[in-house]
Amino acid sequence: SRRRQPRTTFFSEPSRAGRMSPKRKRDTASSPLVDPLTSPPAKLPKKPSVLDRVLYALRILKLPSSAQAIIKTCAAHCDYADAAKIRKAIKSGLASHALQTAPESAAKFWIAGEPIPQTAAGPAVAIEDTKEGKGAAVEKGDEVFIDYELFLKETGGKVEGAKRFGFVQGGGEVIKGMDAGVLGLKVGGKRTVNVPWQLGYGNRGSGPDVPPCSDLTFKITLVDIKK
């Protein structure tokens, strides 16, 4: 009688992908069928390079991370604390395309060739434009000059106000809600910006007028912009 031919099954077949034999375990760092964010990171090589440690630390962190966060994770999980060599390895990893920078910050790093994990959406400002301005819109790094009034959102009580108040957008000179609130505004434009407490003065507040965890409302007019 004719011998039956064994059925050929490709590993990518959905019904088989979830039943991998222990003898056929694949490297979790490279397998497209294993999510590196939900499975344990692959073990370090017996003689890991500094870059190996950096990649291992990122798999533990599970998010694009700063050099400082990588250094701390290497110390805690890789028993390696040479900060200067870790920073040098990050730089060489970028040059060799083993690492990539995160879209939101060139100071955060992730593993090249792997999808960048998405962080959960955090609090954001709510903007209502009440008058359209003219000319160029405010972009990151522009020096802006505004007239503004600040109110407590809960009570409507006015806290303060100023004329031709100047700061550099994105320069860390004002609270995050104010920074975000002027983006896209044009000269002569007016808007109301509602700021959640996390992007305002936080859980400490500011003096006697802004209690801890206070949501804020800014009324802003863009007076001038310098690019």
# chains A, B, ... in the order shown; residues from 1 in each chain; ligands from 1
$ closest_atom_pairs --of "stretch 110-206 of chain A" --to "stretch 215-225 of chain A" --cutoff "6 Å" --atoms "only C-alpha atoms" --output "JSON lines"
{"residue": "A:Glu143", "atom": "CA", "partner": "A:Ile225", "partner_atom": "CA", "distance": 5.8}
{"residue": "A:Val144", "atom": "CA", "partner": "A:Ile225", "partner_atom": "CA", "distance": 4.6}
{"residue": "A:Phe145", "atom": "CA", "partner": "A:Asp224", "partner_atom": "CA", "distance": 5.1}
{"residue": "A:Ile146", "atom": "CA", "partner": "A:Leu222", "partner_atom": "CA", "distance": 4.6}
{"residue": "A:Asp147", "atom": "CA", "partner": "A:Thr221", "partner_atom": "CA", "distance": 5.2}
{"residue": "A:Tyr148", "atom": "CA", "partner": "A:Ile220", "partner_atom": "CA", "distance": 4.5}
{"residue": "A:Glu149", "atom": "CA", "partner": "A:Lys219", "partner_atom": "CA", "distance": 5.2}
{"residue": "A:Leu150", "atom": "CA", "partner": "A:Phe218", "partner_atom": "CA", "distance": 4.7}
{"residue": "A:Phe151", "atom": "CA", "partner": "A:Thr217", "partner_atom": "CA", "distance": 5.1}
{"residue": "A:Leu152", "atom": "CA", "partner": "A:Leu216", "partner_atom": "CA", "distance": 4.8}
{"residue": "A:Lys153", "atom": "CA", "partner": "A:Leu216", "partner_atom": "CA", "distance": 4.9}
{"residue": "A:Val187", "atom": "CA", "partner": "A:Leu222", "partner_atom": "CA", "distance": 5.0}
{"residue": "A:Gly188", "atom": "CA", "partner": "A:Leu222", "partner_atom": "CA", "distance": 5.5}
{"residue": "A:Gly189", "atom": "CA", "partner": "A:Leu222", "partner_atom": "CA", "distance": 5.7}
{"residue": "A:Lys190", "atom": "CA", "partner": "A:Thr221", "partner_atom": "CA", "distance": 4.4}
{"residue": "A:Arg191", "atom": "CA", "partner": "A:Ile220", "partner_atom": "CA", "distance": 5.4}
{"residue": "A:Thr192", "atom": "CA", "partner": "A:Lys219", "partner_atom": "CA", "distance": 4.6}
{"residue": "A:Val193", "atom": "CA", "partner": "A:Phe218", "partner_atom": "CA", "distance": 5.0}
{"residue": "A:Asn194", "atom": "CA", "partner": "A:Thr217", "partner_atom": "CA", "distance": 4.5}
{"residue": "A:Val195", "atom": "CA", "partner": "A:Leu216", "partner_atom": "CA", "distance": 5.0}
{"residue": "A:Pro196", "atom": "CA", "partner": "A:Asp215", "partner_atom": "CA", "distance": 4.7}
{"residue": "A:Trp197", "atom": "CA", "partner": "A:Asp215", "partner_atom": "CA", "distance": 4.5}
$ write_last_selection --atoms "C-alpha atoms" --output "mmCIF file, in the first residue's frame"
data_model
loop_
_atom_site.group_PDB
_atom_site.id
_atom_site.type_symbol
_atom_site.label_atom_id
_atom_site.label_comp_id
_atom_site.auth_asym_id
_atom_site.auth_seq_id
_atom_site.Cartn_x
_atom_site.Cartn_y
_atom_site.Cartn_z
ATOM 1 C CA GLU A 143 9.162 83.270 22.085
ATOM 2 C CA VAL A 144 5.610 84.420 22.785
ATOM 3 C CA PHE A 145 4.073 87.434 24.504
ATOM 4 C CA ILE A 146 0.551 87.132 25.878
ATOM 5 C CA ASP A 147 -2.071 88.937 27.892
ATOM 6 C CA TYR A 148 -3.716 86.447 30.218
ATOM 7 C CA GLU A 149 -6.081 85.987 33.123
ATOM 8 C CA LEU A 150 -6.031 82.923 35.368
ATOM 9 C CA PHE A 151 -9.112 81.530 37.119
ATOM 10 C CA LEU A 152 -9.857 78.556 39.333
ATOM 11 C CA LYS A 153 -12.101 76.364 37.216
ATOM 12 C CA VAL A 187 -1.150 87.134 16.841
ATOM 13 C CA GLY A 188 -4.392 88.784 17.916
ATOM 14 C CA GLY A 189 -5.978 85.396 18.541
ATOM 15 C CA LYS A 190 -7.871 84.728 21.755
ATOM 16 C CA ARG A 191 -8.638 81.431 23.450
ATOM 17 C CA THR A 192 -9.822 79.857 26.667
ATOM 18 C CA VAL A 193 -7.600 77.046 27.925
ATOM 19 C CA ASN A 194 -8.848 74.609 30.574
ATOM 20 C CA VAL A 195 -5.918 72.974 32.347
ATOM 21 C CA PRO A 196 -6.233 69.800 34.473
ATOM 22 C CA TRP A 197 -4.409 69.992 37.774
#
$ select_by_dssp --residues "stretch 128-215 of chain A" --states "strand (DSSP E or B)" --output "VMD selection string"
chain A and resid 128 to 131 134 to 137 143 to 152 158 to 168 186 to 187 190 to 195 206 210
$ residues_around --residues "A:Pro117" --least-positions-apart "6" --cutoff "10 Å" --atoms "only C-alpha atoms" --output "list in words"
Leu37, Lys62, Leu63, Pro64, Ala102 and Trp110 of chain A
$ residues_around --residues "A:Leu44" --least-positions-apart "3" --cutoff "10 Å" --atoms "only C-alpha atoms" --output "list in words"
Pro41, Lys47, Pro48, Ser49, Asp52, Arg53, Leu55, Tyr56 and Cys78 of chain A
$ write_last_selection --atoms "all heavy atoms" --output "CSV table (one decimal), in the first residue's frame"
chain,number,residue,atom,x,y,z
A,41,PRO,N,11.9,39.3,29.3
A,41,PRO,CA,12.9,39.6,28.3
A,41,PRO,C,13.9,38.4,28.2
A,41,PRO,O,14.0,37.6,29.1
A,41,PRO,CB,13.7,40.8,29.0
A,41,PRO,CG,13.3,40.7,30.4
A,41,PRO,CD,11.9,40.1,30.5
A,47,LYS,N,28.5,36.5,28.1
A,47,LYS,CA,29.4,37.7,28.1
A,47,LYS,C,28.8,38.9,27.4
A,47,LYS,O,29.2,39.2,26.3
A,47,LYS,CB,30.8,37.3,27.5
A,47,LYS,CG,31.5,36.2,28.3
A,47,LYS,CD,32.9,35.9,27.7
A,47,LYS,CE,33.6,34.9,28.5
A,47,LYS,NZ,35.0,34.6,27.9
A,48,PRO,N,27.8,39.5,28.1
A,48,PRO,CA,27.1,40.6,27.4
A,48,PRO,C,28.0,41.8,27.2
A,48,PRO,O,28.8,42.2,28.0
A,48,PRO,CB,26.0,40.9,28.3
A,48,PRO,CG,26.5,40.5,29.7
A,48,PRO,CD,27.4,39.3,29.4
A,49,SER,N,27.7,42.5,26.0
A,49,SER,CA,28.3,43.8,25.8
A,49,SER,C,27.5,44.8,26.6
A,49,SER,O,26.4,44.5,27.1
A,49,SER,CB,28.4,44.1,24.3
A,49,SER,OG,27.0,44.3,23.8
A,52,ASP,N,24.3,45.1,24.8
A,52,ASP,CA,23.3,44.0,25.2
A,52,ASP,C,22.6,44.4,26.5
A,52,ASP,O,21.4,44.1,26.6
A,52,ASP,CB,24.1,42.7,25.4
A,52,ASP,CG,24.6,42.1,24.1
A,52,ASP,OD1,24.0,42.3,23.1
A,52,ASP,OD2,25.7,41.4,24.2
A,53,ARG,N,23.3,45.0,27.4
A,53,ARG,CA,22.7,45.3,28.7
A,53,ARG,C,21.6,46.5,28.5
A,53,ARG,O,20.6,46.5,29.1
A,53,ARG,CB,23.7,45.8,29.7
A,53,ARG,CG,24.6,44.6,30.2
A,53,ARG,CD,25.6,45.2,31.2
A,53,ARG,NE,26.4,44.1,31.8
A,53,ARG,CZ,27.6,43.7,31.5
A,53,ARG,NH1,28.2,44.3,30.4
A,53,ARG,NH2,28.2,42.7,32.1
A,55,LEU,N,19.9,47.0,25.7
A,55,LEU,CA,18.7,46.4,25.1
A,55,LEU,C,17.9,45.6,26.1
A,55,LEU,O,16.6,45.7,26.1
A,55,LEU,CB,19.1,45.5,23.9
A,55,LEU,CG,19.8,46.2,22.8
A,55,LEU,CD1,20.3,45.2,21.8
A,55,LEU,CD2,18.9,47.2,22.1
A,56,TYR,N,18.6,44.9,27.0
A,56,TYR,CA,17.9,44.1,28.0
A,56,TYR,C,17.1,45.0,29.0
A,56,TYR,O,16.0,44.8,29.3
A,56,TYR,CB,18.9,43.3,28.8
A,56,TYR,CG,18.4,42.4,29.8
A,56,TYR,CD1,17.8,41.2,29.4
A,56,TYR,CD2,18.4,42.7,31.2
A,56,TYR,CE1,17.3,40.3,30.4
A,56,TYR,CE2,17.9,41.8,32.1
A,56,TYR,CZ,17.4,40.6,31.7
A,56,TYR,OH,16.9,39.8,32.7
A,78,CYS,N,21.1,44.2,35.8
A,78,CYS,CA,22.3,43.6,35.1
A,78,CYS,C,23.5,43.7,35.9
A,78,CYS,O,24.6,43.3,35.4
A,78,CYS,CB,22.5,44.4,33.8
A,78,CYS,SG,21.0,44.5,32.7
$ residues_around --residues "A:Ile175" --least-positions-apart "3" --cutoff "10 Å" --atoms "only C-alpha atoms" --output "PDB file with N, CA, C and O atoms, in the first residue's frame"
ATOM      1  N   GLY A 170       7.756  75.636  25.231  1.00  0.00           N
ATOM      2  CA  GLY A 170       8.518  74.397  25.332  1.00  0.00           C
ATOM      3  C   GLY A 170       9.812  74.535  26.098  1.00  0.00           C
ATOM      4  O   GLY A 170      10.569  73.566  26.209  1.00  0.00           O
ATOM      5  N   GLY A 172      10.116  75.153  29.325  1.00  0.00           N
ATOM      6  CA  GLY A 172       9.983  74.804  30.734  1.00  0.00           C
ATOM      7  C   GLY A 172       9.901  76.012  31.653  1.00  0.00           C
ATOM      8  O   GLY A 172      10.117  75.886  32.859  1.00  0.00           O
ATOM      9  N   MET A 178       0.056  75.876  30.340  1.00  0.00           N
ATOM     10  CA  MET A 178       0.257  77.138  29.633  1.00  0.00           C
ATOM     11  C   MET A 178       1.081  76.912  28.378  1.00  0.00           C
ATOM     12  O   MET A 178       0.781  77.446  27.301  1.00  0.00           O
ATOM     13  N   ASP A 179       2.127  76.088  28.478  1.00  0.00           N
ATOM     14  CA  ASP A 179       2.959  75.757  27.327  1.00  0.00           C
ATOM     15  C   ASP A 179       2.113  75.185  26.194  1.00  0.00           C
ATOM     16  O   ASP A 179       2.208  75.614  25.043  1.00  0.00           O
ATOM     17  N   ALA A 180       1.283  74.204  26.533  1.00  0.00           N
ATOM     18  CA  ALA A 180       0.451  73.556  25.519  1.00  0.00           C
ATOM     19  C   ALA A 180      -0.638  74.497  25.014  1.00  0.00           C
ATOM     20  O   ALA A 180      -1.051  74.415  23.850  1.00  0.00           O
ATOM     21  N   GLY A 181      -1.075  75.395  25.873  1.00  0.00           N
ATOM     22  CA  GLY A 181      -2.212  76.237  25.555  1.00  0.00           C
ATOM     23  C   GLY A 181      -1.967  77.290  24.489  1.00  0.00           C
ATOM     24  O   GLY A 181      -2.914  77.782  23.877  1.00  0.00           O
ATOM     25  N   VAL A 195      -7.117  73.742  32.010  1.00  0.00           N
ATOM     26  CA  VAL A 195      -5.918  72.974  32.347  1.00  0.00           C
ATOM     27  C   VAL A 195      -6.213  72.036  33.522  1.00  0.00           C
ATOM     28  O   VAL A 195      -6.568  72.506  34.611  1.00  0.00           O
ATOM     29  N   GLN A 198      -3.050  68.166  36.859  1.00  0.00           N
ATOM     30  CA  GLN A 198      -1.781  67.484  36.607  1.00  0.00           C
ATOM     31  C   GLN A 198      -0.853  68.306  35.716  1.00  0.00           C
ATOM     32  O   GLN A 198       0.367  68.132  35.756  1.00  0.00           O
ATOM     33  N   LEU A 199      -1.432  69.177  34.869  1.00  0.00           N
ATOM     34  CA  LEU A 199      -0.630  70.025  33.985  1.00  0.00           C
ATOM     35  C   LEU A 199      -0.557  71.458  34.492  1.00  0.00           C
ATOM     36  O   LEU A 199      -0.075  72.345  33.794  1.00  0.00           O
ATOM     37  N   GLY A 200      -1.065  71.660  35.721  1.00  0.00           N
ATOM     38  CA  GLY A 200      -1.019  72.978  36.340  1.00  0.00           C
ATOM     39  C   GLY A 200      -0.003  73.001  37.466  1.00  0.00           C
ATOM     40  O   GLY A 200       1.182  72.746  37.259  1.00  0.00           O
ATOM     41  N   TYR A 201      -0.509  73.242  38.684  1.00  0.00           N
ATOM     42  CA  TYR A 201       0.394  73.324  39.830  1.00  0.00           C
ATOM     43  C   TYR A 201       0.419  72.037  40.656  1.00  0.00           C
ATOM     44  O   TYR A 201       0.941  72.014  41.767  1.00  0.00           O
ATOM     45  N   GLY A 202      -0.165  70.957  40.114  1.00  0.00           N
ATOM     46  CA  GLY A 202      -0.026  69.646  40.720  1.00  0.00           C
ATOM     47  C   GLY A 202      -0.707  69.507  42.068  1.00  0.00           C
ATOM     48  O   GLY A 202      -1.640  70.236  42.406  1.00  0.00           O
TER      49      GLY A 202
END
$ select_by_dssp --residues "stretch 48-162 of chain A" --states "helix (DSSP H, G or I)" --output "VMD selection string"
chain A and resid 50 to 61 67 to 77 83 to 95
$ closest_residue --among "A:Glu173, A:Asp209, A:Asp142, A:Glu128" --to "A:Lys227" --atoms "only C-alpha atoms"
A:Asp142
$ residues_around --residues "A:His97" --least-positions-apart "3" --cutoff "9 Å" --atoms "only C-alpha atoms" --output "MDAnalysis selection string"
chainID A and resid 92:94 100 111:113
$ atom_distance --atom1 "atom CA of A:Ser65" --atom2 "atom CA of A:Asp79"
18.7 Å
